[in-house]
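*Asks:* Contents are CSV, C-alpha atoms; file name target_24.csv:
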chain,number,residue,atom,x,y,z
C,1,MET,CA,-47.6,44.6,58.4
C,2,PHE,CA,-49.9,42.4,60.6
C,3,VAL,CA,-50.0,45.0,63.3
C,4,ILE,CA,-50.9,47.8,60.9
C,5,SER,CA,-53.7,45.7,59.3
C,6,ILE,CA,-55.3,45.1,62.7
C,7,TRP,CA,-55.2,48.8,63.6
C,8,VAL,CA,-56.7,49.7,60.2
C,9,LEU,CA,-59.4,47.1,60.5
C,10,ALA,CA,-60.3,48.3,64.0
C,11,ALA,CA,-60.3,51.9,62.9
C,12,VAL,CA,-62.5,51.3,59.9
C,13,LEU,CA,-65.1,49.3,61.9
C,14,LEU,CA,-65.0,51.8,64.7
C,15,THR,CA,-65.7,54.6,62.2
C,16,LEU,CA,-68.6,52.7,60.7
C,17,SER,CA,-70.0,52.0,64.1
C,18,ILE,CA,-69.8,55.7,65.1
C,19,ILE,CA,-71.6,56.7,61.9
C,20,ARG,CA,-74.3,54.1,62.5
C,21,ASP,CA,-74.9,54.6,66.2
C,22,ARG,CA,-72.9,56.8,68.5
C,23,GLU,CA,-74.5,55.5,71.7
C,24,LYS,CA,-73.8,51.9,70.8
C,25,THR,CA,-70.2,52.7,70.0
C,26,ALA,CA,-69.8,54.4,73.3
C,27,ILE,CA,-71.1,51.3,75.0
C,28,SER,CA,-68.8,49.1,73.0
C,29,LEU,CA,-65.8,51.2,74.0
C,30,LEU,CA,-66.8,51.0,77.6
C,31,ALA,CA,-67.0,47.2,77.3
C,32,ALA,CA,-63.5,47.1,75.8
C,33,TRP,CA,-62.2,49.3,78.6
C,34,LYS,CA,-63.8,47.1,81.2
C,35,PHE,CA,-62.2,44.0,79.6
C,36,PHE,CA,-58.9,45.8,79.6
C,37,GLY,CA,-59.3,46.5,83.3
C,38,SER,CA,-60.0,42.8,84.1
C,39,MET,CA,-56.9,41.6,82.2
C,40,ALA,CA,-54.4,44.3,82.8
C,41,LEU,CA,-53.0,43.0,86.1
C,42,PRO,CA,-52.7,39.3,85.0
C,43,VAL,CA,-51.0,40.4,81.8
C,44,LEU,CA,-48.6,42.6,83.6
C,45,ILE,CA,-47.7,39.8,86.0
C,46,THR,CA,-47.2,37.3,83.1
C,47,LEU,CA,-45.0,39.7,81.2
C,48,TRP,CA,-42.9,40.4,84.3
C,49,ALA,CA,-42.6,36.6,84.9
C,50,ILE,CA,-41.5,36.2,81.3
C,51,GLY,CA,-38.7,38.7,82.1
C,52,PHE,CA,-37.5,36.4,84.9
C,53,LEU,CA,-37.9,33.4,82.8
C,54,LEU,CA,-35.8,34.8,80.0
C,55,THR,CA,-33.1,36.0,82.4
C,56,PHE,CA,-32.7,33.0,84.6
C,57,LEU,CA,-34.0,29.9,82.7
C,58,PRO,CA,-31.1,29.0,80.5
C,59,PRO,CA,-32.1,28.1,76.9
C,60,TRP,CA,-30.4,24.8,77.1
C,61,LEU,CA,-32.7,23.7,79.9
C,62,ILE,CA,-35.8,24.7,77.9
C,63,SER,CA,-34.5,22.9,74.9
C,64,ARG,CA,-33.6,19.8,76.9
C,65,ALA,CA,-37.1,19.7,78.4
C,66,VAL,CA,-39.3,20.6,75.4
C,67,GLY,CA,-36.8,21.2,72.6
C,68,GLN,CA,-36.1,19.6,69.3
C,69,ASN,CA,-34.4,16.6,70.8
C,70,SER,CA,-36.7,16.0,73.7
C,71,GLY,CA,-38.8,13.8,71.4
C,72,TRP,CA,-42.1,12.4,72.5
C,73,GLN,CA,-41.4,13.1,76.1
C,74,GLY,CA,-41.2,16.8,75.5
C,75,ILE,CA,-44.4,16.8,73.5
C,76,LEU,CA,-46.2,14.8,76.3
C,77,LEU,CA,-44.8,17.1,79.0
C,78,ALA,CA,-46.0,20.2,77.1
C,79,ALA,CA,-49.4,18.6,76.5
C,80,LEU,CA,-49.9,17.6,80.1
C,81,PHE,CA,-48.9,21.0,81.3
C,82,GLY,CA,-51.4,22.6,78.9
C,83,SER,CA,-54.1,20.2,80.1
C,84,ILE,CA,-53.6,21.0,83.8
C,85,VAL,CA,-53.0,24.8,83.9
C,86,LEU,CA,-55.8,27.2,83.6
C,87,ILE,CA,-54.5,30.3,81.9
C,88,GLN,CA,-56.1,32.7,79.5
C,89,ALA,CA,-55.0,32.5,75.9
C,90,PHE,CA,-53.9,36.1,75.6
C,91,ILE,CA,-51.5,35.4,78.5
C,92,ALA,CA,-50.4,32.0,77.1
C,93,PHE,CA,-49.4,33.2,73.7
C,94,PRO,CA,-46.6,35.6,74.8
C,95,LEU,CA,-45.4,32.9,77.1
C,96,ALA,CA,-45.5,30.3,74.4
C,97,GLY,CA,-43.8,32.7,72.0
C,98,SER,CA,-40.9,33.3,74.5
C,99,LEU,CA,-40.4,29.6,75.0
C,100,LEU,CA,-40.4,29.0,71.2
C,101,ARG,CA,-37.7,31.7,70.8
C,102,GLN,CA,-35.7,30.1,73.6
C,103,GLY,CA,-35.4,26.7,72.0
C,104,ALA,CA,-38.7,24.9,72.6
C,105,SER,CA,-39.8,22.8,69.6
C,106,VAL,CA,-42.7,23.7,67.4
C,107,SER,CA,-44.5,20.5,68.3
C,108,ALA,CA,-44.2,21.0,72.0
C,109,ILE,CA,-45.5,24.5,71.8
C,110,ALA,CA,-48.4,23.4,69.5
C,111,ALA,CA,-49.2,20.6,72.0
C,112,PHE,CA,-49.2,23.1,74.9
C,113,VAL,CA,-51.4,25.7,73.2
C,114,THR,CA,-53.8,23.1,71.8
C,115,THR,CA,-54.3,21.2,75.1
C,116,LEU,CA,-54.5,24.5,76.9
C,117,VAL,CA,-57.6,25.5,75.1
C,118,MET,CA,-59.2,22.1,74.4
C,119,VAL,CA,-58.5,20.0,77.5
C,120,GLY,CA,-59.4,21.1,81.0
C,121,VAL,CA,-58.5,18.9,83.9
C,122,VAL,CA,-59.3,21.6,86.5
C,123,THR,CA,-62.7,22.4,84.8
C,124,ALA,CA,-63.6,18.7,84.4
C,125,PRO,CA,-65.8,18.6,87.5
C,126,MET,CA,-67.8,21.5,86.2
C,127,GLU,CA,-68.1,20.0,82.8
C,128,MET,CA,-69.4,16.8,84.4
C,129,LYS,CA,-72.1,18.7,86.2
C,130,PHE,CA,-73.3,20.0,82.9
C,131,PHE,CA,-72.8,17.1,80.5
C,132,GLY,CA,-72.1,14.0,82.6
C,133,LYS,CA,-69.0,11.9,83.3
C,134,LYS,CA,-68.9,10.0,80.1
C,135,PHE,CA,-69.1,13.0,77.8
C,136,THR,CA,-66.5,14.9,79.9
C,137,PHE,CA,-64.1,12.0,79.8
C,138,TRP,CA,-64.3,11.3,76.1
C,139,ARG,CA,-64.3,14.9,75.1
C,140,ASN,CA,-61.1,15.6,77.0
C,141,PHE,CA,-59.5,12.3,76.1
C,142,LEU,CA,-60.2,12.7,72.4
C,143,SER,CA,-59.1,16.3,72.5
C,144,PHE,CA,-55.8,15.3,74.2
C,145,ILE,CA,-55.1,12.7,71.5
C,146,PHE,CA,-55.9,15.1,68.7
C,147,ALA,CA,-53.7,17.8,70.3
C,148,ILE,CA,-50.8,15.3,70.1
C,149,ILE,CA,-51.6,14.5,66.5
C,150,ILE,CA,-51.8,18.2,65.6
C,151,ALA,CA,-48.5,18.7,67.4
C,152,LEU,CA,-46.7,15.9,65.5
C,153,ILE,CA,-48.0,17.2,62.1
C,154,MET,CA,-47.0,20.7,62.9
C,155,GLY,CA,-43.6,19.6,64.1
C,156,ALA,CA,-43.1,17.7,60.9
C,157,LEU,CA,-44.2,20.6,58.7
C,158,LEU,CA,-42.7,23.6,60.5
C,159,GLY,CA,-40.1,22.1,62.8
R,160,MET,CA,-59.7,29.4,102.6
R,161,LYS,CA,-57.8,32.6,102.1
R,162,LYS,CA,-56.5,33.3,98.6
R,163,ILE,CA,-52.7,33.7,98.6
R,164,PHE,CA,-52.1,33.9,94.9
R,165,THR,CA,-54.1,37.1,94.2
R,166,SER,CA,-52.9,39.3,91.4
R,167,ARG,CA,-51.8,42.0,94.0
R,168,ASN,CA,-49.7,39.5,96.0
R,169,LEU,CA,-48.1,38.1,92.8
R,170,LEU,CA,-47.3,41.6,91.7
R,171,LEU,CA,-45.7,42.4,95.1
R,172,LEU,CA,-43.8,39.2,95.0
R,173,LEU,CA,-42.4,40.0,91.5
R,174,GLY,CA,-41.5,43.5,92.6
R,175,LEU,CA,-39.7,42.2,95.7
R,176,ALA,CA,-37.9,39.5,93.8
R,177,THR,CA,-36.7,42.1,91.3
R,178,ILE,CA,-35.4,44.3,94.1
R,179,ILE,CA,-33.6,41.3,95.6
R,180,VAL,CA,-32.0,40.5,92.3
R,181,TYR,CA,-31.0,44.1,91.8
R,182,VAL,CA,-29.2,44.1,95.1
R,183,PHE,CA,-27.1,41.1,94.2
R,184,ASN,CA,-26.7,41.6,90.5
R,185,ARG,CA,-27.8,44.8,88.8
R,186,GLN,CA,-27.2,43.5,85.3
R,187,LYS,CA,-29.7,40.7,85.8
R,188,ALA,CA,-32.3,43.0,87.2
R,189,PHE,CA,-32.0,45.2,84.2
R,190,SER,CA,-32.2,42.2,82.0
R,191,ILE,CA,-35.5,41.1,83.7
R,192,LEU,CA,-37.0,44.5,83.2
R,193,LEU,CA,-35.8,44.9,79.6
R,194,ASN,CA,-37.1,41.5,78.6
R,195,SER,CA,-40.5,42.3,80.2
R,196,LYS,CA,-40.6,45.7,78.5
R,197,ALA,CA,-39.9,44.2,75.1
R,198,TYR,CA,-42.9,41.8,75.6
R,199,LEU,CA,-45.1,44.6,77.0
R,200,MET,CA,-44.4,46.7,73.9
R,201,GLU,CA,-45.3,43.8,71.6
R,202,MET,CA,-48.5,43.3,73.7
R,203,LEU,CA,-49.4,47.0,73.5
R,204,SER,CA,-48.9,47.1,69.8
R,205,VAL,CA,-51.9,44.8,69.2
R,206,LEU,CA,-54.0,45.1,72.3
R,207,PRO,CA,-55.9,48.3,71.7
R,208,PRO,CA,-57.3,47.3,68.2
R,209,ILE,CA,-58.2,43.8,69.5
R,210,LEU,CA,-60.0,45.3,72.5
R,211,ILE,CA,-61.9,47.6,70.2
R,212,LEU,CA,-62.9,44.7,67.9
R,213,ILE,CA,-64.1,42.7,70.9
R,214,GLY,CA,-66.1,45.6,72.2
R,215,LEU,CA,-67.7,46.3,68.8
R,216,PHE,CA,-68.6,42.7,68.4
R,217,GLN,CA,-70.3,42.5,71.8
R,218,VAL,CA,-72.5,45.4,71.0
R,219,TRP,CA,-73.4,44.7,67.4
R,220,VAL,CA,-73.8,41.0,67.6
R,221,PRO,CA,-75.6,40.3,70.9
R,222,ARG,CA,-75.0,36.7,72.2
R,223,LYS,CA,-78.8,36.1,72.5
R,224,THR,CA,-79.3,36.6,68.7
R,225,VAL,CA,-76.6,34.2,67.7
R,226,GLU,CA,-77.6,31.7,70.3
R,227,ARG,CA,-81.1,31.6,69.0
R,228,ALA,CA,-79.9,31.3,65.4
R,229,MET,CA,-77.5,28.5,66.4
R,230,GLY,CA,-80.2,26.4,68.0
R,231,ARG,CA,-81.8,26.1,64.6
R,232,ALA,CA,-78.7,25.9,62.4
R,233,SER,CA,-77.0,22.7,61.7
R,234,GLY,CA,-74.0,21.4,59.8
R,235,LEU,CA,-71.8,23.9,58.1
R,236,LYS,CA,-74.0,26.8,59.0
R,237,GLY,CA,-73.8,25.7,62.7
R,238,ILE,CA,-70.0,25.4,62.5
R,239,LEU,CA,-69.7,28.9,61.0
R,240,MET,CA,-72.1,30.2,63.7
R,241,ALA,CA,-70.1,28.6,66.4
R,242,ILE,CA,-66.9,30.3,65.2
R,243,PHE,CA,-68.8,33.6,65.1
R,244,VAL,CA,-70.3,33.2,68.5
R,245,GLY,CA,-67.0,32.4,70.0
R,246,THR,CA,-65.5,35.6,68.7
R,247,ALA,CA,-67.7,37.6,71.0
R,248,ALA,CA,-66.0,36.7,74.2
R,249,MET,CA,-62.5,35.9,75.3
R,250,GLY,CA,-64.0,33.7,78.0
R,251,PRO,CA,-62.5,30.3,78.9
R,252,LEU,CA,-64.0,26.9,78.1
R,253,TYR,CA,-66.2,26.7,81.2
R,254,ALA,CA,-68.0,29.8,80.1
R,255,ALA,CA,-69.4,27.8,77.2
R,256,PHE,CA,-70.9,25.0,79.3
R,257,PRO,CA,-74.2,26.6,80.2
R,258,LEU,CA,-74.5,27.9,76.6
R,259,GLY,CA,-73.9,24.4,75.2
R,260,LEU,CA,-76.6,23.0,77.5
R,261,SER,CA,-79.1,25.6,76.5
R,262,LEU,CA,-78.4,24.8,72.8
R,263,MET,CA,-79.2,21.1,73.5
R,264,GLU,CA,-82.4,22.1,75.2
R,265,LYS,CA,-83.3,24.1,72.1
R,266,GLY,CA,-83.0,21.0,70.1
R,267,ALA,CA,-79.4,21.1,68.8
R,268,SER,CA,-77.9,17.6,68.3
R,269,LEU,CA,-75.1,16.3,70.5
R,270,PHE,CA,-72.8,16.5,67.4
R,271,ASN,CA,-73.5,20.2,66.9
R,272,MET,CA,-73.3,20.9,70.6
R,273,ALA,CA,-69.9,19.2,70.8
R,274,ILE,CA,-68.7,21.1,67.8
R,275,PHE,CA,-69.8,24.3,69.3
R,276,LEU,CA,-68.1,23.6,72.6
R,277,CYS,CA,-64.8,22.6,71.1
R,278,ILE,CA,-64.8,25.6,68.7
R,279,TRP,CA,-65.7,28.0,71.5
R,280,ALA,CA,-62.8,26.6,73.4
R,281,SER,CA,-60.2,26.7,70.7
R,282,ILE,CA,-61.1,29.1,67.9
R,283,LYS,CA,-61.6,32.7,68.5
R,284,ILE,CA,-60.7,35.6,66.2
R,285,PRO,CA,-59.1,37.8,68.9
R,286,MET,CA,-57.1,34.7,70.0
R,287,ILE,CA,-56.0,33.9,66.5
R,288,LEU,CA,-54.7,37.5,66.2
R,289,PHE,CA,-52.7,37.1,69.4
R,290,GLU,CA,-51.4,33.8,68.1
R,291,VAL,CA,-50.3,35.3,64.8
R,292,LYS,CA,-48.5,38.1,66.7
R,293,PHE,CA,-46.6,35.9,69.1
R,294,LEU,CA,-46.2,32.6,67.3
R,295,GLY,CA,-46.3,33.7,63.7
R,296,ALA,CA,-48.8,33.4,60.9
R,297,GLU,CA,-47.5,30.1,59.7
R,298,PHE,CA,-47.9,28.5,63.1
R,299,ALA,CA,-51.3,30.0,63.8
R,300,GLY,CA,-52.6,29.3,60.3
R,301,LEU,CA,-51.5,25.7,60.3
R,302,ARG,CA,-52.8,25.0,63.8
R,303,LEU,CA,-56.2,26.5,62.8
R,304,ALA,CA,-56.3,24.4,59.7
R,305,LEU,CA,-55.6,21.2,61.7
R,306,THR,CA,-57.8,22.1,64.6
R,307,LEU,CA,-61.0,22.5,62.6
R,308,PRO,CA,-61.1,19.1,61.1
R,309,SER,CA,-60.0,17.6,64.4
R,310,ILE,CA,-63.0,19.1,66.1
R,311,ILE,CA,-65.4,17.7,63.6
R,312,VAL,CA,-63.8,14.2,64.0
R,313,ILE,CA,-63.8,14.5,67.8
R,314,SER,CA,-67.5,15.5,67.8
R,315,TYR,CA,-68.4,12.7,65.4
R,316,PHE,CA,-66.7,10.2,67.8
R,317,LEU,CA,-68.4,11.7,70.8
R,318,ASN,CA,-71.8,11.5,69.1
R,319,SER,CA,-71.4,7.9,68.2
R,320,ILE,CA,-70.0,6.9,71.7
R,321,LEU,CA,-72.8,8.7,73.5
R,322,LYS,CA,-75.5,7.8,70.9
R,323,GLY,CA,-79.0,7.9,72.2
R,324,ARG,CA,-78.2,9.5,75.4
R,325,ASN,CA,-79.0,13.0,76.4
R,326,PRO,CA,-76.0,13.9,78.6
R,327,HIS,CA,-78.0,16.4,80.5
R,328,GLU,CA,-80.7,13.9,81.5
R,329,LYS,CA,-77.9,11.5,82.5
R,330,THR,CA,-76.6,13.9,85.0
R,331,LYS,CA,-80.0,14.4,86.5
R,332,LEU,CA,-80.3,10.7,87.0
R,333,SER,CA,-77.0,10.2,88.7
Can you turn what I pasted into structure tokens?

*Replies:*
Amino acid sequence: MFVISIWVLAAVLLTLSIIRDREKTAISLLAAWKFFGSMALPVLITLWAIGFLLTFLPPWLISRAVGQNSGWQGILLAALFGSIVLIQAFIAFPLAGSLLRQGASVSAIAAFVTTLVMVGVVTAPMEMKFFGKKFTFWRNFLSFIFAIIIALIMGALLG
Amino acid sequence: MKKIFTSRNLLLLLGLATIIVYVFNRQKAFSILLNSKAYLMEMLSVLPPILILIGLFQVWVPRKTVERAMGRASGLKGILMAIFVGTAAMGPLYAAFPLGLSLMEKGASLFNMAIFLCIWASIKIPMILFEVKFLGAEFAGLRLALTLPSIIVISYFLNSILKGRNPHEKTKLS
């Protein structure tokens, strides 16, 4: 249902775009193709790695580390992992989805996804150059705290 | 320093690892490939329309236009603009740093700039579509509903902590 609606939406907008301006539409498709080219390899690698993960990482290990009973330690672990690694969201979501299906808790996955996009340890030096140390520290610190709060609420409501 | 973890090397490594697994245990190798294939299919079922949407957005709503409008907008309008602008690119957080700075130079408040930065980082329509696909609509919807007010509170705190300072000038001094 969801998949069909995205296809319909894209088709409708694409048709409108073609009617309005053929040239612009061609440029937009080229941009989409370029973007696909830049992400194809990383995506393929991630999906292949997920294959390994699902085959060799036993569900009990995942659920012990970040599962329902891992408590605050699991959430913290997931949040720290999300803060440190630098992966694009479109790669992270399949990965997070596979972990969730293998026994990770809702709150751990929420903590991981939220810190992944909001907290950046690796990019902090760059952020400091633009906005200063104090801004960088507080923005990342507050984002981390709120990611934990969001994770706890989501765990309570969906877990 | 030479890069070891290039995409090509990682791909070779995965290929090699799969062959090694195949030699020792065929079943496991098939399991790896079948699991990957299942995820590849899921990915391909949503990727083309999302790519088309990203492409269309880039052409019809140029970043410059929105950026200019955002410099003037404030409050709710600014927030909506920020969500809209973030939709244009799938870029990571650091792609937004120069943009945030230029917003402040155009007179946006620190509060607005922080909101823009956080929203750019965390809320993007293509990203939400991926999240719905792989983590479910409930998960994605609830996370979005919680993230938005969090961002406003975070930005409010940031604004009061750093009150009276222009973060850009501060870096120039240090």

*Asks:* One number please: CA of Ile109 in chain C to CA of Tyr253 in chain R, in Å, one decimal.

*Replies:*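 It comes out at 22.8 Å.
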
*Asks:* I need the residue nearest Ile209 in chain R from this list: R:Ala296, R:Leu288, R:Cys277, R:Ile310. Use only C-alpha atoms for the distance.

*Replies:* R:Leu288

*Asks:* For CA of Leu210 in chain R and CA of Ile45 in chain C, determine how far apart the two atoms are, in Å to one decimal place.

*Replies:*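 Interatomic distance, CA of Leu210 in chain R to CA of Ile45 in chain C: 19.1 Å.
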
*Asks:* Restricting the calculation to all atoms listed in the file, which member of R:Ile179, R:Ile284, R:Ile191, R:Val220 is positioned closest to chain C?

*Replies:* R:Ile191

*Asks:* Identify which of the residues C:Val117, C:Ile87, C:Ala104, C:Leu57 lies closest to chain R, counting all atoms listed in the file when measuring atom-to-atom distances.

*Replies:*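 Nearest candidate to chain R out of C:Val117, C:Ile87, C:Ala104, C:Leu57: C:Val117.
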
*Asks:* Could you tell me how far CA of Gly103 in chain C lies from CA of Gly51 in chain C, in Å and to one decimal?

*Replies:*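 Going from CA of Gly103 in chain C over to CA of Gly51 in chain C covers 16.0 Å.
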
*Asks:* Would you kindly return, as a VMD selection string, each protein, DNA or RNA residue with an atom no farther than 12 Å from any atom of range 15-24 of chain C, considering all atoms listed in the file and excluding same-chain residues fewer than 2 positions away?

*Replies:* (chain C and resid 8 to 13 26 to 31) or (chain R and resid 211 to 212 214 to 221)

*Asks:* Which is closer to chain C than all the others in R:Thr177, R:Asn271, R:Asn194, R:Asn184, using only C-alpha atoms?

*Replies:*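 When distances to chain C are compared using only C-alpha atoms, the smallest one comes from R:Asn194.
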
*Asks:* For Thr115 in chain C, which residue among C:Thr136, C:Phe146, C:Ile91, C:Ser83 is the nearest when counting all atoms listed in the file?

*Replies:*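 Of C:Thr136, C:Phe146, C:Ile91, C:Ser83, the one nearest Thr115 in chain C, counting all atoms listed in the file, is C:Ser83.
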
*Asks:* Around the point (-66.0, 23.0, 77.8) (coordinates from the file), which residues reach within 7 Å if we count all atoms listed in the file? Answer as a tab-separated table (two decimals) with C-alpha atoms, keeping the file's coordinate frame.

*Replies:*
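New file result_31.tsv:
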chain	number	residue	atom	x	y	z
C	127	GLU	CA	-68.10	20.00	82.80
R	252	LEU	CA	-64.00	26.90	78.10
R	253	TYR	CA	-66.20	26.70	81.20
R	255	ALA	CA	-69.40	27.80	77.20
R	256	PHE	CA	-70.90	25.00	79.30
R	276	LEU	CA	-68.10	23.60	72.60
R	277	CYS	CA	-64.80	22.60	71.10
R	280	ALA	CA	-62.80	26.60	73.40

*Asks:* Using all atoms listed in the file, pick whichever of C:Phe130, C:Phe81, C:Phe93, C:Trp72 has the shortest atom-to-atom distance to Phe112 in chain C.

*Replies:*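 Counting all atoms listed in the file, the residue closest to Phe112 in chain C is C:Phe81.
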